[in-house]
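Note sheet for the following structure.
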Amino acid sequence: MAEVRRRYVDTRFGQMHLAECGTGAPVLFLHQTPRSWTEYVRVLPIAGGHVRAIAPDTLGFGQSARIDEFSIERFADGVEAVLDALGLPRVALVGHHTGAVIALEVAARAPSRLSSLVLSAMPHVTPERRARMSGRPPVDHVVPAPDGGHASELWRQRRGFYDAGQEDDLTRFLVDALQVVDRLGDGHAAVNAYGMAARLPLVRTRTLLMCGADDPYALPDQPALARALDCELKVIDGAGVHLPEQRPDAFTEAVLSFLKAGPDGDLYS
């Protein structure tokens, strides 16, 4: 498999960190909250055999520059800043959970920069969802404890999303979460505050929706999103909230097959 390399690029927000693998047509992968590029640690070597696969740390997360404002719009600013820093006028864009919402915003505001769009497990942000979520405890919230007990609490909260034998993936989640432990819920709050209804009609980019069959949070939203975006939905068995880690082969195959079937398909051999 192709080698994954990591580096920083300079942007107006400060340094943005990214990992990339392979050569050829650029495909940008955006991670969920509160993760980093490591959500795609198994995807990049597979995709890198066919394309230039790039996974940045979202602005404010991982090793990318810290910011005060957590919003989908600001995260999308960070994506465009990475594209500018890399000199990429046009890419295929893939996002998972929060990353999918960020990708949607980029597609709504800068359609000329995208050749194709893949939205994995994207939540459908509606007023009803906001009302429903407002009565629930913050997602991934813990209070830092002197004895480090908050790390164990985070592990416990996320344990159910990973099968036995997937402890390496859960460890990567924990490392990512502890880097933003003071703002763990802010990425999720940004999703719920996003005005998605006004942005969906602006998306004209060729789009694929996908979701893990065992993702109870995102799967129910997909039929309505498919209608709104007038696009195909692909459901992948054997995966839940952490689809790119749980089924990296199927995830990457779905992305590449979609890109190959498009008008620029010859670029994704």
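Residue numbers start at 1 in each chain; chains themselves are named A, B, ... in the order of the structure tokens; ligands are numbered from 1 in the order shown.
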
Check your understanding: What lies within 12 Å of Gly14 in chain A using only C-alpha atoms, ignoring chain neighbours under 4 positions off, as a list in words?
Key ->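 The residues satisfying every condition are Tyr8, Val9, Asp10, Leu59, Gly60, Gln63, Ser64, Ala65, Arg66, Ile67, Gly78, Ala81, Val82 and Ala85 of chain A.
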
Practice item. For range 204-218 of chain A, list every protein, DNA or RNA residue within 9 Å, evaluated using only C-alpha atoms, and leave out those in the same chain fewer than 6 positions away; present the list as a VMD selection string. Key: chain A and resid 96 to 97 107 to 108 111 to 112 114 to 124 225 to 226 229 to 243 247 251 254 to 255 258 262

Check your understanding: Which residue, A:Ala25, A:Val191, A:Val142, A:Leu202, has the smallest gap to Asp266 in chain A when you use only C-alpha atoms?
Key ->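 That would be A:Ala25, the residue with the smallest distance to Asp266 in chain A.
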
Exercise for review: May I have all residues of range 134-223 of chain A that DSSP, computed from the backbone, assigns to strand (DSSP E), given as a ChimeraX atom specification?
Suggested key: /A:207-212

Review point. Contacts of Ala131 in chain A at 12 Å or less, counting only C-alpha atoms, minus same-chain residues fewer than 6 places along, as a ChimeraX atom specification?
Key: /A:125,192-193

Can you spit out the residues from that selection as a short mmCIF file (atom, residue, chain, number, x, y, z; two decimals), in the first residue's frame, using N, CA, C and O atoms?
```
data_model
loop_
_atom_site.label_atom_id
_atom_site.label_comp_id
_atom_site.auth_asym_id
_atom_site.auth_seq_id
_atom_site.Cartn_x
_atom_site.Cartn_y
_atom_site.Cartn_z
N VAL A 125 -30.25 18.04 9.69
CA VAL A 125 -30.45 19.05 10.73
C VAL A 125 -31.72 19.83 10.42
O VAL A 125 -31.79 20.60 9.46
N ASN A 192 -25.81 21.02 15.16
CA ASN A 192 -27.22 21.27 15.47
C ASN A 192 -27.64 22.72 15.24
O ASN A 192 -28.83 22.99 15.06
N ALA A 193 -26.67 23.64 15.24
CA ALA A 193 -26.98 25.05 14.99
C ALA A 193 -26.98 25.39 13.51
O ALA A 193 -27.42 26.49 13.12
#
```

Interface rows for range 74-98 of chain A against range 29-49 of chain A: nearest pair, Å to one decimal, 10 Å, only C-alpha atoms, as JSON lines:
```
{"residue": "A:Val79", "atom": "CA", "partner": "A:Leu30", "partner_atom": "CA", "distance": 8.7}
{"residue": "A:Ala92", "atom": "CA", "partner": "A:Phe29", "partner_atom": "CA", "distance": 8.8}
{"residue": "A:Leu93", "atom": "CA", "partner": "A:Phe29", "partner_atom": "CA", "distance": 6.3}
{"residue": "A:Val94", "atom": "CA", "partner": "A:Phe29", "partner_atom": "CA", "distance": 4.8}
{"residue": "A:Gly95", "atom": "CA", "partner": "A:Leu30", "partner_atom": "CA", "distance": 4.5}
{"residue": "A:His96", "atom": "CA", "partner": "A:Gln32", "partner_atom": "CA", "distance": 5.6}
{"residue": "A:His97", "atom": "CA", "partner": "A:Gln32", "partner_atom": "CA", "distance": 5.1}
{"residue": "A:Thr98", "atom": "CA", "partner": "A:Gln32", "partner_atom": "CA", "distance": 4.5}
```

**Study point:** Spatial neighbours of His141 in chain A, max dist 12 Å, only C-alpha atoms, sep filter under 5 positions, as a PyMOL selection string
**Key:** chain A and resi 34+136+150-151+153-158+177-178+180-189

Point to revise | Two-atom distance - CA of Arg6 in chain A, CA of Leu267 in chain A (Å) | key: 23.7 Å
